[in-house]
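Here is the structure we will look at, set down as structure tokens.
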Amino acid sequence: MKDAAPQTFYLSDYTPPAFLIDEVSLTFRLAPEATRVISRIHFVPNPDTTDRSFFLHGEQLKLISAKIDGHDANPTLTPHGLTAEVPDHEFTWEAEVEISPATNTALEGLYMSNGMYCTQCEAEGFRKITYYPDRPDVMAPFHVRIEGDLPVLLSNGNPVDQGEGWAEWSDPWPKPAYLFALVAGDLRATSGTFTTRSGNEVALNLWVRPGDEGKTEFGLQALKDSMKWDEDVYGREYDLDLFNIVAVHDFNMGAMENKGLNIFNSSAVLASPETSTDANFERIEGIIAHEYFHNWTGNRITCRDWFQLCLKEGLTVFRDQQFTSDMRSEPVKRISDVLMLRARQFREDAGPLAHNVRPESYQEINNFYTATVYEKGAEVIGMLYRLVGETDYYRALDMYFQRHDGQACTIEDWIAVFEDATGRDLTQFKRWYTQAGTPHLTVTEEWVNGTYNLYFKQETKPTPGQPDKQPLVIPIAVGLLAHDGSEIVPTTLLEMTEAEQTFSFDGLTERPIPSILREFSAPVVLHRDTNNQERAFLLAHDTDPFNKWEAGRALAKDVLVRMITKGTKPDTGFLDALRQMALDDTQDPAFRALAMALPSQDDIAQTLYASGVTPDPMAIYGAVKTLSRAIAEHMKDDLPALLAANTVTEPYLPNAEQSGKRALANTALSLLSKLDNGAAAQAQYDAADNMTQQLSALSCLIRAGAGADALAKFEQQWHGDRLVMDKWFGLQVMLAEPEDAAQVAQTLTERADFDMKNPNRFRAVFGALAGNPAGFHHPSGDGYRTMADWLIKLDTVNPQTTARMCSAFDTWKRYDADRQAMIRDQLERIAAKPDLSRDVTEMVERIMAA
Ligand code: BES
Ligand code: ZN
């Protein structure tokens, strides 16, 4: 329901809770449309405040009864909870409420998915389960009783007792309500054990619906690998005797770290070679690690309030990135992370939704689970790591766990630990948390008598509500190369703190070629006036793998930008350099695949806009197509051999080695398909025994205009598997010709198996429409209209997922007047929807304010 005046919450308004809780007992009497929740909560006055007002959050609850110390509480109900007169000493609150999980399509609180009950409480979903101080700084041990006629009844912590139709659980670790979870249904477990380094045996279960048992093995192994890694690298052991993971089909996000009972979107945990791609396997491994790592960074040490979200999310993303880079390839992981950062976070930071890593206000906190909080939050920790060095980083982390275990903390606590552990003053560094926008770093060079000067200038453009920007601490990793490719100065970390600053290197015998921002040592946009000869040199010789890749990327961008703005032809220098890289067997195939991939259409649009050019999505689409074709023709004679050499013939394994080869083989296949009308792709499609090869062959066939037959076969083979069918839905929209994309999406929604209540299916279609820039931004305006039509429909069903998808429109100021006017019309149409959710209201207002 739309609030008359949606409330804005401010970081500066924080006050400690009036009451703390030392014990919670909950009883659930499950029934699809009338579940009873009986709560018994022991409140104690908070000694840290004199405030004694009593407020409990509660939304969409039917209050049956409420008592304080056994007497009627006579609460006053407010739109978002209740207040009551309470004693000025400890007391017991007892309440009974009724809720309706079966009609809860928002998927927040207690809801039903495919016949099972499950919960999602982060960030503020617990208030839809019962009246409670639903804020992360109120932590308590929970005792839970579940009554329901279902075979499996789960909650957090350890099982206490169970019988026919009931089970009791107890979680000894005090936790905020957002980590509460309950699951009930007909579920099957794949089980294992993990013995911690201090000898405790932990029982592990991965619970799925009947039929999905064949997709659990990989996830269970990833969990064991994560538990071991966190012990080896961070010295963190698991702290219960049981760890449950449950897969659910209807879930707004990827997964959730509820204490001892993680709940996963089935797409983020279920995997098999036949149904999952290499990319799916890698993502699943990373998400399982991420949620597991939260047990320490999030659960044992949680956030004081939701403004501190990056305290747990930025750190946990940093940790899962480290994990993946240890399990797989460090350079490949870094390049993939930077690609994602630029695609999502730089885009966000350059538009109307730009905000601090630690936001200062919000209307709906769900709108702040963003690339900025997550990915930039992780980059900020990466910079700290580089600045203080590995040893001090882990010393600081030990201090953090020791000092703050069991607490609800702030970014100030986090920074203080690093200051105390290293003796550094991090006052200026902290600006990374309090200043939005991506810094632009310009570098120029000077060579005078054996001294080489690098002159840097940093500048951050204004962002909404923040016109003036201060200089940041920027760690710049630099290496200097000689013209024979040898390293004159190995990687050195420069610490820039001023708006403009020069760094000198003395005693050099030749003017070096600089390799700047190695490893992508800071989340900035680097500008350097250079030429393609030097870029080609770095692509061939840079000893830093990230910058080697980056040189190739810069070359490709330069070629594309000139094709688009000047109408030039793809130049042979670039094509030669790319070919050389592709055929260089000394390089990791995964790296070569990344180096051959062209910048995304959105990345090109972002680059053009940043340089003052209005991007034309159709022209970008055309240029990418032309360049791909030119690459294919240039490598015509090499492609069959490249494909053959990298085609894996051993039994499928989702490891880095095999998936790297498949990635390179599939790059070759997609180029080849531009020349052979899809013949090689058809052969691969027919022979494929794993989803990576099947799906890439299908993509090539669709792109070659020869996909109809394979699409039909694919549907016939996989119509019973929702996760695979999501790929089928998505691919058709993603690869549709620009003029057809909106209609393809619309037509898919008319199928019986398009269910807008399922976020995965909705995202498969409309996430793909947003991900087809020339289709979405087609001059007809059909992309915008179709997207808005469906966001309006989905808002009533699921505000959280609708709001997240509004970001499709967040780049609108980049485009020409016609497109801007069409987008504005659609945003206004969304804004005018009666009873528009708070979530979407906030997003549309922020986007339009630009
Ligand atoms: N705590 C979040 C899940 C969450 C997000 C709950 C937003 C409620 C609102 C979880 O730890 C998370 O971050 N999940 C990510 C995946 C992760 C690998 C970055 C997700 O769900 O996308
Ligand atoms: Zn997380």
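Identifiers in the structure tokens: chain A, B, ... in order shown; residue index from 1 per chain; ligand index from 1 in order shown.
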
Step by step, measure atom-to-atom distances between ligand 1 and each residue using only C-alpha atoms and all ligand atoms, keep those at most 8 Å, then write them as a PyMOL selection string. chain A and resi 120-123+252-257+283+286-291+294+313+316-317+320+366+369+374

Restrict the selected residues to C-alpha atoms and save them as a compact mmCIF listing (two decimals), in the first residue's frame.
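As written to disk, part.txt reads:
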```txt
# COMPACT_ATOMS: atom_id res chain seq x y z
CA GLN A 120 13.03 -14.23 3.82
CA CYS A 121 13.59 -11.70 6.59
CA GLU A 122 16.45 -9.48 5.48
CA ALA A 123 16.21 -6.63 5.57
CA ASN A 252 13.89 -12.40 -4.87
CA MET A 253 17.64 -12.54 -4.52
CA GLY A 254 20.40 -15.12 -5.01
CA ALA A 255 20.65 -16.45 -1.48
CA MET A 256 20.39 -15.59 2.21
CA GLU A 257 22.75 -16.26 5.11
CA ARG A 283 28.59 -18.42 -9.63
CA GLY A 286 30.90 -18.16 -5.15
CA ILE A 287 27.43 -17.65 -3.68
CA ILE A 288 27.68 -20.67 -1.40
CA ALA A 289 31.00 -19.30 -0.18
CA HIS A 290 29.54 -15.82 0.22
CA GLU A 291 26.61 -16.92 2.37
CA HIS A 294 28.59 -14.28 6.38
CA GLU A 313 28.23 -7.13 2.27
CA THR A 316 31.82 -10.67 2.42
CA VAL A 317 32.01 -9.96 -1.31
CA ASP A 320 34.18 -14.52 -1.72
CA ASN A 366 15.77 -2.98 -0.22
CA TYR A 369 21.37 -3.66 -2.01
CA TYR A 374 28.43 -4.59 -2.70
```

I'd like the neighbourhood of Thr614 (chain A) as a count of residues only, where a residue qualifies if any of its atoms comes within 7 Å (using only C-alpha atoms), though same-chain residues fewer than 6 positions away should be ignored. 4

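Excluding Ala683 (chain A) and any residue on its chain fewer than 6 positions from it, the residues at most 12 Å away by only C-alpha atoms are Leu669, Ser673, Asp676, Asn677, Gln693, Gln694, Ser696, Ala697, Leu698, Cys700, Leu701 and Ala710 of chain A.
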
Considering only C-alpha atoms, return as a VMD selection string whatever protein or nucleic-acid residues lie within 7 Å of region 430-446 of chain A, sequence-local ones (same chain, fewer than 5 positions apart) excluded. chain A and resid 346 349 to 350 354 to 358 380 452 to 461 463 472 524 to 528

What would the file look like if the residues just selected were written as a PDB file, in the first residue's frame with C-alpha atoms?
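Generated output (again.pdb):
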```
ATOM      1  CA  PHE A 346      30.377   2.610 -12.657  1.00  0.00           C
ATOM      2  CA  ASP A 349      27.807   5.907  -9.992  1.00  0.00           C
ATOM      3  CA  ALA A 350      27.530   7.938 -13.209  1.00  0.00           C
ATOM      4  CA  ALA A 354      24.624   7.283  -7.463  1.00  0.00           C
ATOM      5  CA  HIS A 355      25.007   6.991  -3.692  1.00  0.00           C
ATOM      6  CA  ASN A 356      27.665   6.493  -1.045  1.00  0.00           C
ATOM      7  CA  VAL A 357      29.035   3.062  -0.224  1.00  0.00           C
ATOM      8  CA  ARG A 358      27.442   3.927   3.103  1.00  0.00           C
ATOM      9  CA  VAL A 380      37.252  -0.235  -0.828  1.00  0.00           C
ATOM     10  CA  TYR A 452      60.662   9.754 -15.118  1.00  0.00           C
ATOM     11  CA  ASN A 453      57.764  11.762 -13.675  1.00  0.00           C
ATOM     12  CA  LEU A 454      54.189  10.592 -13.480  1.00  0.00           C
ATOM     13  CA  TYR A 455      51.788  13.473 -12.888  1.00  0.00           C
ATOM     14  CA  PHE A 456      48.327  12.463 -11.662  1.00  0.00           C
ATOM     15  CA  LYS A 457      45.163  14.491 -11.341  1.00  0.00           C
ATOM     16  CA  GLN A 458      41.984  13.180  -9.711  1.00  0.00           C
ATOM     17  CA  GLU A 459      38.501  14.519 -10.189  1.00  0.00           C
ATOM     18  CA  THR A 460      35.077  13.269  -9.143  1.00  0.00           C
ATOM     19  CA  LYS A 461      32.035  14.753 -10.855  1.00  0.00           C
ATOM     20  CA  THR A 463      26.456  13.325  -7.874  1.00  0.00           C
ATOM     21  CA  LEU A 472      40.481  10.584  -2.083  1.00  0.00           C
ATOM     22  CA  VAL A 524      38.667   4.736 -10.835  1.00  0.00           C
ATOM     23  CA  VAL A 525      38.466   5.626 -14.511  1.00  0.00           C
ATOM     24  CA  LEU A 526      42.006   6.067 -15.812  1.00  0.00           C
ATOM     25  CA  HIS A 527      42.691   8.531 -18.621  1.00  0.00           C
ATOM     26  CA  ARG A 528      45.994   8.510 -20.416  1.00  0.00           C
TER      27      ARG A 528
END
```

Please, what distance in Å, to one decimal, runs between CA of Arg562 (chain A) and CA of Glu633 (chain A)? 19.9 Å

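Here CA of Asp571 (chain A) is placed at a distance of 23.4 Å from CA of His483 (chain A).
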
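Close contacts of region 656-659 of chain A, defined as residues with an atom at most 8 Å away when counting only C-alpha atoms, with chain neighbours fewer than 4 positions off set aside, comprise A:Asp278, A:Arg328, A:Ser329, A:Ala590, A:Val648, A:Tyr652, A:Ala663.
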
What residues in region 88-199 of chain A get the DSSP label strand (DSSP E)? Please answer as a ChimeraX atom specification. /A:91-99,109-113,116-120,140-147,152-155,158-163,166-175,182-185,188-195

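Among the candidate residues A:Pro101, A:Gly377, A:Pro174, A:Gly125, the one lying nearest to ligand 2 is A:Gly377, with distances computed using only C-alpha atoms and all ligand atoms.
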
Return as number ranges by chain the full set of residues in region 181-287 of chain A whose backbone-based DSSP assignment is helix (DSSP H, G or I). A: 213-215, 217-234, 266-268, 278-287

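You will find CA of Asp584 (chain A) at 13.5 Å from CA of Trp549 (chain A).
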
Non-local contacts of Trp166 (chain A) (12 Å; only C-alpha atoms; under 5 positions in same chain excluded) as an mmCIF file with all heavy atoms, in the first residue's frame:
```cif
data_model
loop_
_atom_site.group_PDB
_atom_site.id
_atom_site.type_symbol
_atom_site.label_atom_id
_atom_site.label_comp_id
_atom_site.auth_asym_id
_atom_site.auth_seq_id
_atom_site.Cartn_x
_atom_site.Cartn_y
_atom_site.Cartn_z
ATOM 1 N N THR A 27 6.188 -19.867 18.337
ATOM 2 C CA THR A 27 5.496 -21.080 17.906
ATOM 3 C C THR A 27 4.762 -20.774 16.615
ATOM 4 O O THR A 27 4.047 -19.769 16.534
ATOM 5 C CB THR A 27 4.487 -21.557 18.969
ATOM 6 O OG1 THR A 27 5.218 -21.869 20.154
ATOM 7 C CG2 THR A 27 3.732 -22.796 18.503
ATOM 8 N N PHE A 28 4.970 -21.603 15.613
ATOM 9 C CA PHE A 28 4.280 -21.449 14.322
ATOM 10 C C PHE A 28 3.281 -22.576 14.156
ATOM 11 O O PHE A 28 3.659 -23.744 14.188
ATOM 12 C CB PHE A 28 5.292 -21.499 13.163
ATOM 13 C CG PHE A 28 6.156 -20.271 13.072
ATOM 14 C CD1 PHE A 28 7.275 -20.130 13.889
ATOM 15 C CD2 PHE A 28 5.850 -19.248 12.176
ATOM 16 C CE1 PHE A 28 8.068 -18.989 13.804
ATOM 17 C CE2 PHE A 28 6.642 -18.115 12.084
ATOM 18 C CZ PHE A 28 7.751 -17.982 12.906
ATOM 19 N N ARG A 29 2.008 -22.236 13.992
ATOM 20 C CA ARG A 29 1.002 -23.235 13.609
ATOM 21 C C ARG A 29 0.724 -22.998 12.135
ATOM 22 O O ARG A 29 -0.005 -22.069 11.769
ATOM 23 C CB ARG A 29 -0.272 -23.077 14.427
ATOM 24 C CG ARG A 29 0.007 -23.222 15.902
ATOM 25 C CD ARG A 29 -1.152 -23.700 16.740
ATOM 26 N NE ARG A 29 -0.616 -24.004 18.051
ATOM 27 C CZ ARG A 29 -0.956 -23.402 19.202
ATOM 28 N NH1 ARG A 29 -1.907 -22.476 19.191
ATOM 29 N NH2 ARG A 29 -0.383 -23.735 20.328
ATOM 30 N N LEU A 30 1.344 -23.821 11.309
ATOM 31 C CA LEU A 30 1.331 -23.544 9.870
ATOM 32 C C LEU A 30 -0.002 -23.880 9.227
ATOM 33 O O LEU A 30 -0.579 -24.941 9.468
ATOM 34 C CB LEU A 30 2.440 -24.341 9.178
ATOM 35 C CG LEU A 30 3.871 -23.995 9.607
ATOM 36 C CD1 LEU A 30 4.869 -24.934 8.914
ATOM 37 C CD2 LEU A 30 4.201 -22.542 9.276
ATOM 38 N N VAL A 144 12.384 -21.989 18.724
ATOM 39 C CA VAL A 144 11.285 -22.029 17.745
ATOM 40 C C VAL A 144 10.589 -23.384 17.766
ATOM 41 O O VAL A 144 11.252 -24.435 17.775
ATOM 42 C CB VAL A 144 11.825 -21.745 16.322
ATOM 43 C CG1 VAL A 144 10.722 -21.895 15.281
ATOM 44 C CG2 VAL A 144 12.428 -20.336 16.247
ATOM 45 N N ARG A 145 9.260 -23.354 17.810
ATOM 46 C CA ARG A 145 8.477 -24.583 17.668
ATOM 47 C C ARG A 145 7.646 -24.463 16.394
ATOM 48 O O ARG A 145 6.977 -23.447 16.172
ATOM 49 C CB ARG A 145 7.561 -24.767 18.883
ATOM 50 C CG ARG A 145 6.707 -26.018 18.811
ATOM 51 C CD ARG A 145 5.774 -26.143 20.019
ATOM 52 N NE ARG A 145 4.754 -27.141 19.786
ATOM 53 C CZ ARG A 145 4.897 -28.438 20.066
ATOM 54 N NH1 ARG A 145 6.023 -28.877 20.630
ATOM 55 N NH2 ARG A 145 3.925 -29.292 19.805
ATOM 56 N N ILE A 146 7.727 -25.500 15.555
ATOM 57 C CA ILE A 146 6.952 -25.492 14.308
ATOM 58 C C ILE A 146 5.937 -26.621 14.365
ATOM 59 O O ILE A 146 6.299 -27.762 14.640
ATOM 60 C CB ILE A 146 7.865 -25.706 13.077
ATOM 61 C CG1 ILE A 146 9.083 -24.765 13.126
ATOM 62 C CG2 ILE A 146 7.094 -25.477 11.779
ATOM 63 C CD1 ILE A 146 10.146 -25.108 12.085
ATOM 64 N N GLU A 147 4.681 -26.298 14.115
ATOM 65 C CA GLU A 147 3.648 -27.319 14.049
ATOM 66 C C GLU A 147 3.069 -27.302 12.647
ATOM 67 O O GLU A 147 2.590 -26.257 12.183
ATOM 68 C CB GLU A 147 2.532 -27.032 15.074
ATOM 69 C CG GLU A 147 3.064 -27.033 16.502
ATOM 70 C CD GLU A 147 2.019 -26.607 17.537
ATOM 71 O OE1 GLU A 147 0.829 -26.460 17.169
ATOM 72 O OE2 GLU A 147 2.415 -26.418 18.702
ATOM 73 N N GLY A 148 3.140 -28.437 11.974
ATOM 74 C CA GLY A 148 2.648 -28.485 10.598
ATOM 75 C C GLY A 148 2.738 -29.898 10.081
ATOM 76 O O GLY A 148 3.663 -30.631 10.426
ATOM 77 N N ASP A 149 1.798 -30.228 9.225
ATOM 78 C CA ASP A 149 1.697 -31.594 8.736
ATOM 79 C C ASP A 149 2.613 -31.799 7.526
ATOM 80 O O ASP A 149 2.151 -32.086 6.438
ATOM 81 C CB ASP A 149 0.225 -31.851 8.378
ATOM 82 C CG ASP A 149 0.013 -33.313 8.021
ATOM 83 O OD1 ASP A 149 0.881 -34.136 8.371
ATOM 84 O OD2 ASP A 149 -1.003 -33.599 7.362
ATOM 85 N N LEU A 150 3.881 -31.595 7.734
ATOM 86 C CA LEU A 150 4.847 -31.708 6.635
ATOM 87 C C LEU A 150 6.058 -32.481 7.130
ATOM 88 O O LEU A 150 6.417 -32.392 8.305
ATOM 89 C CB LEU A 150 5.271 -30.307 6.177
ATOM 90 C CG LEU A 150 4.184 -29.523 5.424
ATOM 91 C CD1 LEU A 150 4.420 -28.040 5.500
ATOM 92 C CD2 LEU A 150 4.101 -30.001 3.977
ATOM 93 N N PRO A 151 6.704 -33.248 6.240
ATOM 94 C CA PRO A 151 7.768 -34.140 6.700
ATOM 95 C C PRO A 151 9.025 -33.438 7.237
ATOM 96 O O PRO A 151 9.680 -33.970 8.125
ATOM 97 C CB PRO A 151 8.111 -34.986 5.476
ATOM 98 C CG PRO A 151 7.392 -34.399 4.329
ATOM 99 C CD PRO A 151 6.338 -33.477 4.829
ATOM 100 N N VAL A 152 9.351 -32.290 6.699
ATOM 101 C CA VAL A 152 10.596 -31.645 7.138
ATOM 102 C C VAL A 152 10.285 -30.260 7.700
ATOM 103 O O VAL A 152 9.659 -29.436 7.031
ATOM 104 C CB VAL A 152 11.612 -31.543 5.974
ATOM 105 C CG1 VAL A 152 12.875 -30.811 6.427
ATOM 106 C CG2 VAL A 152 11.961 -32.929 5.439
ATOM 107 N N LEU A 153 10.690 -30.026 8.936
ATOM 108 C CA LEU A 153 10.430 -28.756 9.624
ATOM 109 C C LEU A 153 11.763 -28.217 10.131
ATOM 110 O O LEU A 153 12.375 -28.808 11.015
ATOM 111 C CB LEU A 153 9.470 -28.977 10.801
ATOM 112 C CG LEU A 153 8.126 -29.656 10.482
ATOM 113 C CD1 LEU A 153 7.378 -30.015 11.770
ATOM 114 C CD2 LEU A 153 7.258 -28.776 9.585
ATOM 115 N N LEU A 154 12.209 -27.089 9.576
ATOM 116 C CA LEU A 154 13.554 -26.587 9.903
ATOM 117 C C LEU A 154 13.514 -25.154 10.424
ATOM 118 O O LEU A 154 12.709 -24.340 9.993
ATOM 119 C CB LEU A 154 14.446 -26.595 8.656
ATOM 120 C CG LEU A 154 14.588 -27.890 7.867
ATOM 121 C CD1 LEU A 154 15.380 -27.621 6.584
ATOM 122 C CD2 LEU A 154 15.284 -28.970 8.699
ATOM 123 N N SER A 155 14.454 -24.869 11.350
ATOM 124 C CA SER A 155 14.691 -23.478 11.720
ATOM 125 C C SER A 155 16.180 -23.319 12.044
ATOM 126 O O SER A 155 16.981 -24.226 11.780
ATOM 127 C CB SER A 155 13.787 -23.065 12.895
ATOM 128 O OG SER A 155 13.845 -21.664 13.089
ATOM 129 N N PRO A 159 18.583 -28.795 16.367
ATOM 130 C CA PRO A 159 17.294 -29.417 16.680
ATOM 131 C C PRO A 159 17.250 -29.761 18.163
ATOM 132 O O PRO A 159 18.237 -30.233 18.729
ATOM 133 C CB PRO A 159 17.294 -30.678 15.828
ATOM 134 C CG PRO A 159 18.712 -30.948 15.489
ATOM 135 C CD PRO A 159 19.455 -29.645 15.564
ATOM 136 N N VAL A 160 16.108 -29.520 18.813
ATOM 137 C CA VAL A 160 15.973 -29.804 20.236
ATOM 138 C C VAL A 160 15.167 -31.077 20.425
ATOM 139 O O VAL A 160 15.541 -31.979 21.158
ATOM 140 C CB VAL A 160 15.251 -28.636 20.946
ATOM 141 C CG1 VAL A 160 15.049 -28.935 22.427
ATOM 142 C CG2 VAL A 160 16.028 -27.348 20.768
ATOM 143 N N ASP A 161 14.067 -31.157 19.703
ATOM 144 C CA ASP A 161 13.161 -32.277 19.881
ATOM 145 C C ASP A 161 12.202 -32.288 18.704
ATOM 146 O O ASP A 161 11.989 -31.250 18.069
ATOM 147 C CB ASP A 161 12.370 -32.082 21.194
ATOM 148 C CG ASP A 161 11.851 -33.408 21.734
ATOM 149 O OD1 ASP A 161 12.075 -34.441 21.070
ATOM 150 O OD2 ASP A 161 11.221 -33.395 22.804
ATOM 151 N N ALA A 184 9.492 -25.420 5.832
ATOM 152 C CA ALA A 184 8.692 -26.619 6.074
ATOM 153 C C ALA A 184 8.200 -27.155 4.748
ATOM 154 O O ALA A 184 7.686 -26.392 3.926
ATOM 155 C CB ALA A 184 7.507 -26.285 6.980
#
```

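Excluding Asp392 (chain A) itself and same-chain residues fewer than 4 positions from it, the residues having an atom within 9 Å of it are A:Tyr385, A:Val388, A:Ala396, A:Leu397, A:Phe418, A:Ala421, A:Thr422, counting only C-alpha atoms.
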
Store the residues picked out above, limited to N, CA, C and O atoms, as a PDB file, in the first residue's frame.
```pdb
ATOM      1  N   TYR A 385      43.458  -3.334   1.836  1.00  0.00           N
ATOM      2  CA  TYR A 385      44.369  -4.488   1.798  1.00  0.00           C
ATOM      3  C   TYR A 385      45.693  -4.090   1.135  1.00  0.00           C
ATOM      4  O   TYR A 385      46.778  -4.355   1.637  1.00  0.00           O
ATOM      5  N   VAL A 388      47.682  -1.395   3.422  1.00  0.00           N
ATOM      6  CA  VAL A 388      48.333  -1.836   4.666  1.00  0.00           C
ATOM      7  C   VAL A 388      49.172  -3.095   4.461  1.00  0.00           C
ATOM      8  O   VAL A 388      50.029  -3.414   5.286  1.00  0.00           O
ATOM      9  N   ALA A 396      44.581  -6.966  11.351  1.00  0.00           N
ATOM     10  CA  ALA A 396      43.419  -6.115  11.619  1.00  0.00           C
ATOM     11  C   ALA A 396      42.139  -6.950  11.678  1.00  0.00           C
ATOM     12  O   ALA A 396      41.283  -6.743  12.542  1.00  0.00           O
ATOM     13  N   LEU A 397      42.028  -7.927  10.777  1.00  0.00           N
ATOM     14  CA  LEU A 397      40.831  -8.764  10.788  1.00  0.00           C
ATOM     15  C   LEU A 397      40.736  -9.577  12.079  1.00  0.00           C
ATOM     16  O   LEU A 397      39.659  -9.715  12.667  1.00  0.00           O
ATOM     17  N   PHE A 418      41.424  -0.954  11.865  1.00  0.00           N
ATOM     18  CA  PHE A 418      42.583  -0.816  10.967  1.00  0.00           C
ATOM     19  C   PHE A 418      43.550   0.259  11.472  1.00  0.00           C
ATOM     20  O   PHE A 418      44.766   0.110  11.357  1.00  0.00           O
ATOM     21  N   ALA A 421      45.311  -1.346  14.484  1.00  0.00           N
ATOM     22  CA  ALA A 421      46.204  -2.458  14.145  1.00  0.00           C
ATOM     23  C   ALA A 421      47.437  -1.986  13.379  1.00  0.00           C
ATOM     24  O   ALA A 421      48.482  -2.633  13.419  1.00  0.00           O
ATOM     25  N   THR A 422      47.331  -0.858  12.653  1.00  0.00           N
ATOM     26  CA  THR A 422      48.441  -0.454  11.790  1.00  0.00           C
ATOM     27  C   THR A 422      49.057   0.880  12.174  1.00  0.00           C
ATOM     28  O   THR A 422      50.110   1.244  11.643  1.00  0.00           O
TER      29      THR A 422
END
```

Which residue is closest to ligand 2? Choose from A:Ser25, A:His57, A:Thr370, A:Trp169 and count only C-alpha atoms and all ligand atoms. A:Thr370
